[in-house]
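Asker: Structure in structure tokens, see below.
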Amino acid sequence: MPTFFGKCKIYIKKHKIITAIVVILLAVGAYYTYQANTTTTTVTKYVVQNATTGSVIASVSGTGQVQAGTTINVAAKVSETVTRVPVKVGQHVAAGQLLVQMDPTTEERAVKQAQLSLQQAQLSLQELQQVSTTTLLQEQDAVTTAEQSVVNASTTLAQDYQSGFGNLGPTFVNLQTVMTGLQNFVQGNDITKAQSDPDAFVSLMPNYLQPGVIPYKDTLQAEYVAATAAYQKNLTDYHAITSDSSPAAMDAMFAETYGTAQTVSDAVKAGKDFLNYVIDSYPTESSSTKPLPTVVTTLQNSFSTYTATMSSAETGVQSTITNIASDRNNIINTQNSLRQASETLNELLAGPTQTTLLSQQISVQSAQNNLTTAQQNLDYTSITAPISGVVSAIGATIGEASGTSPVTIVGDGQVAQVTLNEIDAAKVAVGDKATLTFSALSTLSLAGTVVEIDPVGTVSQGVVSYNVQVGFSQPADTTSSMQVKPGMSVTADIVTQADQNVIAVPNAALVTSNGASYILEPATPLSAAELASSTGGIELASTKRVQVTTGLVNSTMTEITSGVSVGDQIIVQTIKSTSAKSTTATASGGTSALQLLSGAGGARPTGGAGRVGG
């Protein structure tokens, strides 16, 4: 009789499709059972380091072949007067040896000026970033002083109103005195009882002189009537105000009183002119005329007194009006000063705007670039050999400008000619340092210097490329250089820019959002022990974003020009990991695989016994 496993084997052979379906169902059931009883947890850890200074080096790479030594026309990058040529034609020179020295005076001045400009830009940035206590106190004092000036100006205005109002009383006394004198003259009978004094004076004049004096009399009469009306109205208005009246009422009173004083002065002048005309025109004493009454002299003296009195009254009122106008202007000026001082203080307390700060940071970077350029131009006044070789020609003459090709050298070593695309070629300059590696010599690395760049590119299938020659810095007879053969494949990594002693962070530490760059920092600084243990990752309660300004960038590092200081704790790497936690589940019921295959709980195999076992 077949065994249990034998029966299963026979069943499987006869029911292959059913068996395959059972196996698939078992696999799917096992997978979902595992998923249901397993939980996954994500853990985030951070690697934290102190920001330090370092170097960020930008480079471009090109490939090519090694070629035999070449002739190089050493170019002058600045045009200055040649002061020394320490080499001769036929002389062997080493790479870096001085070939021509030019007068560096202009370039030295440019360096000093660029240094001063950089210092000024840095100071301006520092002033924006940090307001000194002294400056803040000065601006607060300025606000306090301006506030007191406004109070003082307002007090002075109030005092001048009261003083002007107080002076109105004596002014009206003087006006009354003068008006009484005018009335006594215009309506008085000092000459004759039958006529007023002006008419009596006209009657005293000979008939032929009377037509000339009448206009003076009429003017006097008209001016007196006008003065009387102005005085009476002014006096009524004066009695209607008090020292507590509004500034507008006071201004109107001062203006009216000044006008009244002018009108009364005009009447006084008309009376004085009348008397002077009578006296000047009256015939000298003769048998046919009598002398003028002696009261004429008294009247003349009185009118002189009236003139002086009215002049003083006009001056007093005008002074009050002028002082008040000046006080008002002073209040406006002091209020403007207070507003400006307050705005300046508020700006200091608020700090610079992001735009202003960024603008000044750009100014600092621009000044730094200018200094770098000025220093390079100073370095260019000393022309050195880019490679070792023999001087074949000298075009420089002491006392004259350097020219375009002051020295020609025939290289005694080999050069690497590599190809760069147009973007990389634009970054490379003659004199740039390079590192050379060779496909055939995997352990060899040589230093080199760019000695020549094709002025015209080569176009192939729409792509522009330039040939660049890199001279070997090692002498040709060294063991390492002798290993290199013409025609060998070579790769040149050319340094295009190197920023030293700058804050450099790994590229992975930077986050970019909406065009701005940020780094992450622990929200709470770590202790020294925590910082030391974070090299493999440490969990943090929270982090914060800090906006930064970036400078030079290469494939691994980025220069930070602002936003981070040396010693700041920054997150250089974020590590996320998952962990699975299983739970034990007990299954009950259902049909096992063996039962399905043996027919238990379902269809039995055909052709076999009805039960398993003996």
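The chains in the structure tokens are called A, B, ... from first to last as shown; in each chain the residues are counted from 1, and the ligands are counted from 1 in the order shown.
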Applying 7 Å and only C-alpha atoms, which residues near A:Ala504 remain after dropping the ones on its own chain fewer than 5 positions away? List them as a list in words.
Answerer: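 Listing them by chain and then by number gives Thr53, Gly54, Ser55, Val56, Met557, Thr558, Glu559 and Ile560 of chain A.
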Asker: So which residues of stretch 180-383 of chain A fall under strand (DSSP E or B) by DSSP, listed as a ChimeraX atom specification?
Answerer: /A:192,195,286,289,382-383
Asker: Would you kindly return, as an mmCIF file with all heavy atoms, in the first residue's frame, each protein, DNA or RNA residue with an atom no farther than 8 Å from any atom of A:Lys77, considering only C-alpha atoms and excluding same-chain residues fewer than 5 positions away?
Answerer:
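Full text of result-v2.cif as output:
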data_model
loop_
_atom_site.group_PDB
_atom_site.id
_atom_site.type_symbol
_atom_site.label_atom_id
_atom_site.label_comp_id
_atom_site.auth_asym_id
_atom_site.auth_seq_id
_atom_site.Cartn_x
_atom_site.Cartn_y
_atom_site.Cartn_z
ATOM 1 N N ASN A 377 47.178 91.215 -11.029
ATOM 2 C CA ASN A 377 47.908 92.135 -11.909
ATOM 3 C C ASN A 377 49.284 92.468 -11.340
ATOM 4 O O ASN A 377 50.250 92.612 -12.091
ATOM 5 C CB ASN A 377 47.105 93.410 -12.124
ATOM 6 C CG ASN A 377 45.879 93.181 -12.986
ATOM 7 O OD1 ASN A 377 45.820 92.233 -13.759
ATOM 8 N ND2 ASN A 377 44.874 94.040 -12.852
ATOM 9 N N TYR A 380 51.433 89.643 -12.062
ATOM 10 C CA TYR A 380 51.770 89.573 -13.477
ATOM 11 C C TYR A 380 52.946 90.473 -13.852
ATOM 12 O O TYR A 380 53.508 90.326 -14.948
ATOM 13 C CB TYR A 380 50.565 89.959 -14.338
ATOM 14 C CG TYR A 380 49.430 88.968 -14.303
ATOM 15 C CD1 TYR A 380 48.111 89.366 -14.528
ATOM 16 C CD2 TYR A 380 49.662 87.623 -14.034
ATOM 17 C CE1 TYR A 380 47.065 88.452 -14.494
ATOM 18 C CE2 TYR A 380 48.622 86.705 -13.984
ATOM 19 C CZ TYR A 380 47.328 87.127 -14.215
ATOM 20 O OH TYR A 380 46.294 86.223 -14.180
ATOM 21 N N THR A 404 53.919 92.166 -26.219
ATOM 22 C CA THR A 404 53.009 91.029 -26.079
ATOM 23 C C THR A 404 53.735 89.718 -25.819
ATOM 24 O O THR A 404 53.210 88.838 -25.137
ATOM 25 C CB THR A 404 52.143 90.895 -27.342
ATOM 26 O OG1 THR A 404 53.009 90.783 -28.479
ATOM 27 C CG2 THR A 404 51.234 92.105 -27.509
#
Asker: One number please: atom CA of A:Ser517 to atom CA of A:Val548, in Å, one decimal.
Answerer: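 According to the coordinates, atom CA of A:Ser517 and atom CA of A:Val548 are separated by 5.7 Å.
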Asker: Just the residues within 10 Å of A:Ser61, please, counting only C-alpha atoms, with nothing from its chain fewer than 6 positions along; format it as a VMD selection string.
Answerer: chain A and resid 418 to 421 424 to 425 434 to 436 491 to 495
Asker: Looking at A:Gln497, A:Asn336, A:Thr242, A:Ser117, which one is nearest to A:Glu147, with distances taken over only C-alpha atoms?
Answerer: A:Asn336
Asker: Under the rule that only C-alpha atoms are counted, which of A:Gln49, A:Gln375, A:Ser281, A:Gln569 is the nearest residue to A:Val202?
Answerer: A:Ser281
Asker: Considering only C-alpha atoms, return as a list of chain:residue names whatever protein or nucleic-acid residues lie within 9 Å of A:Arg545, sequence-local ones (same chain, fewer than 3 positions apart) excluded.
Answerer: A:Val511, A:Tyr518, A:Ile519, A:Leu520, A:Glu521, A:Pro522, A:Ala523
Asker: As an exercise, work out the distance from atom CA of A:Thr574 to atom CA of A:Ala529 in Å and give it to one decimal place.
Answerer: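 It comes out at 19.3 Å.
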Asker: Which residue, A:Asn507, A:Asn174, A:Asn207, A:Thr344, has the smallest gap to A:Val264 when you use only C-alpha atoms?
Answerer: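 Closest to A:Val264, using only C-alpha atoms: A:Asn174.
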Asker: Any idea what the distance is between atom CA of A:Leu125 and atom CA of A:Gln360?
Answerer: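 So the answer is 5.8 Å.
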Asker: For A:Leu275, work out the shell of residues within 9 Å, counting only C-alpha atoms and skipping chain neighbours fewer than 3 positions away, then give it as a PyMOL selection string.
Answerer: chain A and resi 198+201+216+270-272+278-280+296+299-300
Asker: How would the residues just chosen look if you wrote them out with N, CA and C atoms as an mmCIF file, in the first residue's frame?
Answerer:
data_model
loop_
_atom_site.group_PDB
_atom_site.id
_atom_site.type_symbol
_atom_site.label_atom_id
_atom_site.label_comp_id
_atom_site.auth_asym_id
_atom_site.auth_seq_id
_atom_site.Cartn_x
_atom_site.Cartn_y
_atom_site.Cartn_z
ATOM 1 N N PRO A 198 -7.497 173.657 9.943
ATOM 2 C CA PRO A 198 -7.080 173.531 8.530
ATOM 3 C C PRO A 198 -7.702 174.628 7.657
ATOM 4 N N PHE A 201 -6.003 177.941 8.304
ATOM 5 C CA PHE A 201 -4.693 178.057 7.650
ATOM 6 C C PHE A 201 -4.853 178.379 6.175
ATOM 7 N N TYR A 216 -3.962 169.556 -0.115
ATOM 8 C CA TYR A 216 -3.346 169.022 1.104
ATOM 9 C C TYR A 216 -4.374 168.934 2.221
ATOM 10 N N ALA A 270 -0.298 163.072 6.451
ATOM 11 C CA ALA A 270 -1.080 164.062 5.700
ATOM 12 C C ALA A 270 -1.130 165.388 6.457
ATOM 13 N N GLY A 271 -1.303 165.370 7.794
ATOM 14 C CA GLY A 271 -1.316 166.597 8.586
ATOM 15 C C GLY A 271 0.036 167.280 8.561
ATOM 16 N N LYS A 272 1.096 166.453 8.651
ATOM 17 C CA LYS A 272 2.447 167.037 8.650
ATOM 18 C C LYS A 272 2.752 167.670 7.298
ATOM 19 N N VAL A 278 2.106 174.692 4.113
ATOM 20 C CA VAL A 278 1.686 176.041 4.526
ATOM 21 C C VAL A 278 2.896 176.868 4.919
ATOM 22 N N ILE A 279 3.781 176.253 5.739
ATOM 23 C CA ILE A 279 4.935 177.003 6.241
ATOM 24 C C ILE A 279 5.880 177.337 5.093
ATOM 25 N N ASP A 280 6.119 176.338 4.212
ATOM 26 C CA ASP A 280 7.087 176.546 3.129
ATOM 27 C C ASP A 280 6.553 177.511 2.074
ATOM 28 N N VAL A 296 1.847 177.348 15.044
ATOM 29 C CA VAL A 296 2.381 176.488 13.973
ATOM 30 C C VAL A 296 3.551 175.666 14.482
ATOM 31 N N LEU A 299 2.316 172.926 16.665
ATOM 32 C CA LEU A 299 1.707 171.851 15.872
ATOM 33 C C LEU A 299 2.771 171.006 15.171
ATOM 34 N N GLN A 300 3.825 171.684 14.652
ATOM 35 C CA GLN A 300 4.886 170.934 13.993
ATOM 36 C C GLN A 300 5.545 169.947 14.957
#
Asker: Could you give me, as a VMD selection string, the residues within 12 Å of A:Lys233, counting only C-alpha atoms and dropping anything in the same chain fewer than 6 positions from it?
Answerer: chain A and resid 226 to 227 239 to 240 253 256 to 257 259 to 260
